[in-house]
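Visitor: Would you mind keeping the following structure in view while I ask a few things?
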Amino acid sequence: MATFSANLGFLWNDRPLPDAIRAASAAGFDAVECHWPYDTPIDETKAALAETGMVMLGLNTRKGGDGEFGLAAVPGRAVEARLAIDEAVRYAASVGAQAVHVMAGVTPPLPVAFLTFLGNLRYACKQAAPHNITILIEPLNTIDTPGYYLHNTADASGVIDAVDRPNLKLMFDCYHAARSGADVLELLPQLLPILGHVQFASVPDRAEPDHGDLDYAPVFALLDELGWTHPLGAEYRPAASVEQGLGWLRDLR
């Protein structure tokens, strides 16, 4: 049976992170994940996780400045990118998070960007390895994030092969894949060897997963068949209050 992680970048994001962790626990989620927790003191996050028994699956490196979605593939920004990686790994290790999503950034897909991305990802993997932290990369669709360096799973797979580190994996967001026109049910078995985390939201409105163009019942059933046991990340924008939209959590279990 599928288990679920609440992405607190979208769910209960009007509350301080510790309160959002408590809300996710009360609502019946099995784990939590977040985007950028850095304004919350580590001790406060740790305390809320300990109090609820929740596990923090992952967090992101900082986005950078306005209009930026990370720095790891942006030529000339390696110093900033690696400082962001250090910060993310330190926070993740301190709160017991299992993964860090290293955001690639907005930059043309030129060879120099590819080499920059590889170098920064190798650095991230090296920093994360002593803490048993997985480094994740995630393709984002070009409708929501035009110009993002990484926008399909084929390119992401190529990056993972080129970096060649055991703790680099793919964060596969069913929403982003489907918005890009991909067949989620076809892709998942192919990507299973490099999967590090799976996220979901309705397509195309990125709200609760109980409606839209992608039926999640067969998606979750397929993941069960494939032996996927990690919590699935609910990264959607609630149509109203989070609590009002949680019928899917009962139904899809």
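Each chain in the structure tokens gets a letter, A, B, ..., in the order shown, and its residues are numbered from 1; ligands are numbered from 1 in order too.
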Could I get the residues of stretch 68-159 of chain A with an atom no further than 12 Å from an atom of stretch 198-222 of chain A, each paired with its nearest atom pair and that distance in Å to one decimal, using only C-alpha atoms, sorted by chain and residue number, as CSV?
Guide:
```
residue,atom,partner,partner_atom,distance
A:Leu136,CA,A:Val198,CA,10.8
A:Ile137,CA,A:Val198,CA,11.6
A:Glu138,CA,A:Val198,CA,10.0
A:Pro139,CA,A:Gln199,CA,11.8
A:Leu140,CA,A:Gln199,CA,11.9
A:Asn141,CA,A:Pro204,CA,11.4
A:Ile143,CA,A:Pro204,CA,10.5
A:Asp144,CA,A:Arg206,CA,10.6
```
Visitor: Mind listing the alpha helix (DSSP H) residues of stretch 72-209 of chain A, per DSSP on the backbone, as a PyMOL selection string?
Guide: chain A and resi 78-95+111-128+153-163+174-179+184-191
Visitor: What separation in Å, quoted to one decimal, exists between atom CA of A:Lys126 and atom CA of A:Ala31?
Guide: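 These atoms are spaced 25.9 Å apart.
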Visitor: Assign secondary structure with DSSP using the backbone only, and return the residues of stretch 81-189 of chain A in strand (DSSP E) as a list in words.
Guide: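 Reading the DSSP output for stretch 81-189 of chain A, strand (DSSP E) covers Ala99, Val100, His101, Thr134, Ile135, Leu136, Ile137, Leu168, Lys169, Leu170, Met171, Phe172 and Asp173 of chain A.
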Visitor: Please provide as a PDB file with N, CA and C atoms, in the first residue's frame all residues within 8 Å of A:Leu195, with the sequence filter that same-chain residues fewer than 4 positions apart are discarded (counting only C-alpha atoms).
Guide:
```pdb
ATOM      1  N   LYS A 169      20.458  10.451  -7.664  1.00  0.00           N
ATOM      2  CA  LYS A 169      19.240   9.804  -8.147  1.00  0.00           C
ATOM      3  C   LYS A 169      18.302  10.832  -8.787  1.00  0.00           C
ATOM      4  N   LEU A 170      17.258  10.327  -9.382  1.00  0.00           N
ATOM      5  CA  LEU A 170      16.247  11.147 -10.054  1.00  0.00           C
ATOM      6  C   LEU A 170      15.062  11.403  -9.135  1.00  0.00           C
ATOM      7  N   MET A 171      14.652  12.663  -9.021  1.00  0.00           N
ATOM      8  CA  MET A 171      13.369  12.991  -8.421  1.00  0.00           C
ATOM      9  C   MET A 171      12.369  13.103  -9.578  1.00  0.00           C
ATOM     10  N   PHE A 172      11.442  12.175  -9.621  1.00  0.00           N
ATOM     11  CA  PHE A 172      10.479  12.091 -10.723  1.00  0.00           C
ATOM     12  C   PHE A 172       9.151  12.655 -10.254  1.00  0.00           C
ATOM     13  N   LEU A 191      12.611   3.996 -15.515  1.00  0.00           N
ATOM     14  CA  LEU A 191      13.421   4.845 -14.642  1.00  0.00           C
ATOM     15  C   LEU A 191      13.675   4.243 -13.264  1.00  0.00           C
TER      16      LEU A 191
END
```
Visitor: Please measure the separation of atom CA of A:Asn7 and atom CA of A:Leu223, giving the value in Å to one decimal.
Guide: 19.2 Å
Visitor: Which residues are near A:Gly65? Cut-off 12 Å, only C-alpha atoms, ignore same chain within fewer than 6 positions. Put them as a VMD selection string.
Guide: chain A and resid 71 77 80 to 81 105 to 106
Visitor: Selection from above, N, CA and C atoms, as an mmCIF file, in the first residue's frame, can you write it?
Guide:
```
data_model
loop_
_atom_site.group_PDB
_atom_site.id
_atom_site.type_symbol
_atom_site.label_atom_id
_atom_site.label_comp_id
_atom_site.auth_asym_id
_atom_site.auth_seq_id
_atom_site.Cartn_x
_atom_site.Cartn_y
_atom_site.Cartn_z
ATOM 1 N N LEU A 71 21.382 27.165 -9.014
ATOM 2 C CA LEU A 71 22.605 27.681 -9.625
ATOM 3 C C LEU A 71 23.535 26.594 -10.150
ATOM 4 N N ARG A 77 28.926 30.494 -11.712
ATOM 5 C CA ARG A 77 28.291 30.648 -10.392
ATOM 6 C C ARG A 77 28.646 29.490 -9.451
ATOM 7 N N GLU A 80 28.902 30.167 -5.559
ATOM 8 C CA GLU A 80 27.592 30.315 -4.918
ATOM 9 C C GLU A 80 26.852 28.976 -4.877
ATOM 10 N N ALA A 81 26.944 28.223 -5.975
ATOM 11 C CA ALA A 81 26.252 26.935 -6.041
ATOM 12 C C ALA A 81 26.750 25.995 -4.950
ATOM 13 N N GLY A 105 18.936 25.386 -12.180
ATOM 14 C CA GLY A 105 18.917 26.782 -12.558
ATOM 15 C C GLY A 105 18.465 27.029 -13.988
ATOM 16 N N VAL A 106 18.286 28.291 -14.308
ATOM 17 C CA VAL A 106 17.865 28.726 -15.639
ATOM 18 C C VAL A 106 19.101 29.115 -16.435
#
```
Visitor: To one decimal place, how far is atom CA of A:Gly233 from atom CA of A:Ile85 in Å?
Guide: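 Interatomic distance here is 21.8 Å.
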Visitor: Near A:Ala97, within 9 Å and counting only C-alpha atoms, which residues show up once chain neighbours fewer than 3 positions away are dropped, as an NGL selection string?
Guide: :A and (33 or 55-59 or 89 or 91-94 or 100 or 133)
Visitor: Generate the output file for the selected residues, C-alpha atoms, as an mmCIF file, in the first residue's frame.
Guide:
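As a result, result_30.cif now contains:
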```cif
data_model
loop_
_atom_site.group_PDB
_atom_site.id
_atom_site.type_symbol
_atom_site.label_atom_id
_atom_site.label_comp_id
_atom_site.auth_asym_id
_atom_site.auth_seq_id
_atom_site.Cartn_x
_atom_site.Cartn_y
_atom_site.Cartn_z
ATOM 1 C CA GLU A 33 9.485 17.122 2.746
ATOM 2 C CA VAL A 55 10.837 11.746 8.852
ATOM 3 C CA MET A 56 11.999 14.626 6.653
ATOM 4 C CA LEU A 57 12.522 13.062 3.234
ATOM 5 C CA GLY A 58 14.239 15.969 1.550
ATOM 6 C CA LEU A 59 14.795 19.656 0.949
ATOM 7 C CA VAL A 89 23.649 19.228 3.204
ATOM 8 C CA TYR A 91 20.691 21.404 7.309
ATOM 9 C CA ALA A 92 19.628 17.992 5.964
ATOM 10 C CA ALA A 93 22.221 16.143 8.041
ATOM 11 C CA SER A 94 21.244 18.072 11.166
ATOM 12 C CA VAL A 100 18.861 17.103 -1.048
ATOM 13 C CA ILE A 133 22.237 11.635 2.021
#
```
Visitor: Would you mind telling me which residue in A:Glu51, A:Asp251, A:Glu87, A:Glu68 lies nearest to A:Asp39 when using only C-alpha atoms?
Guide: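 Once distances to A:Asp39 are computed over only C-alpha atoms, the minimum belongs to A:Glu87.
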Visitor: If we count only C-alpha atoms and set the cut-off at 9 Å, which residues sit around A:Trp36, ignoring sequence neighbours fewer than 3 positions away in its own chain? Please answer as a list in words.
Guide: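 Those residues are Gly9, Asp39, Leu59, Asn60, Thr61, Arg62, Lys63 and Ala88 of chain A.
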Visitor: Which residue is closest to A:Tyr148? Choose from A:Ile160, A:Ala73, A:Ala78, A:Met54 and count only C-alpha atoms.
Guide: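 The shortest atom-to-atom distance to A:Tyr148 comes from A:Ala73.
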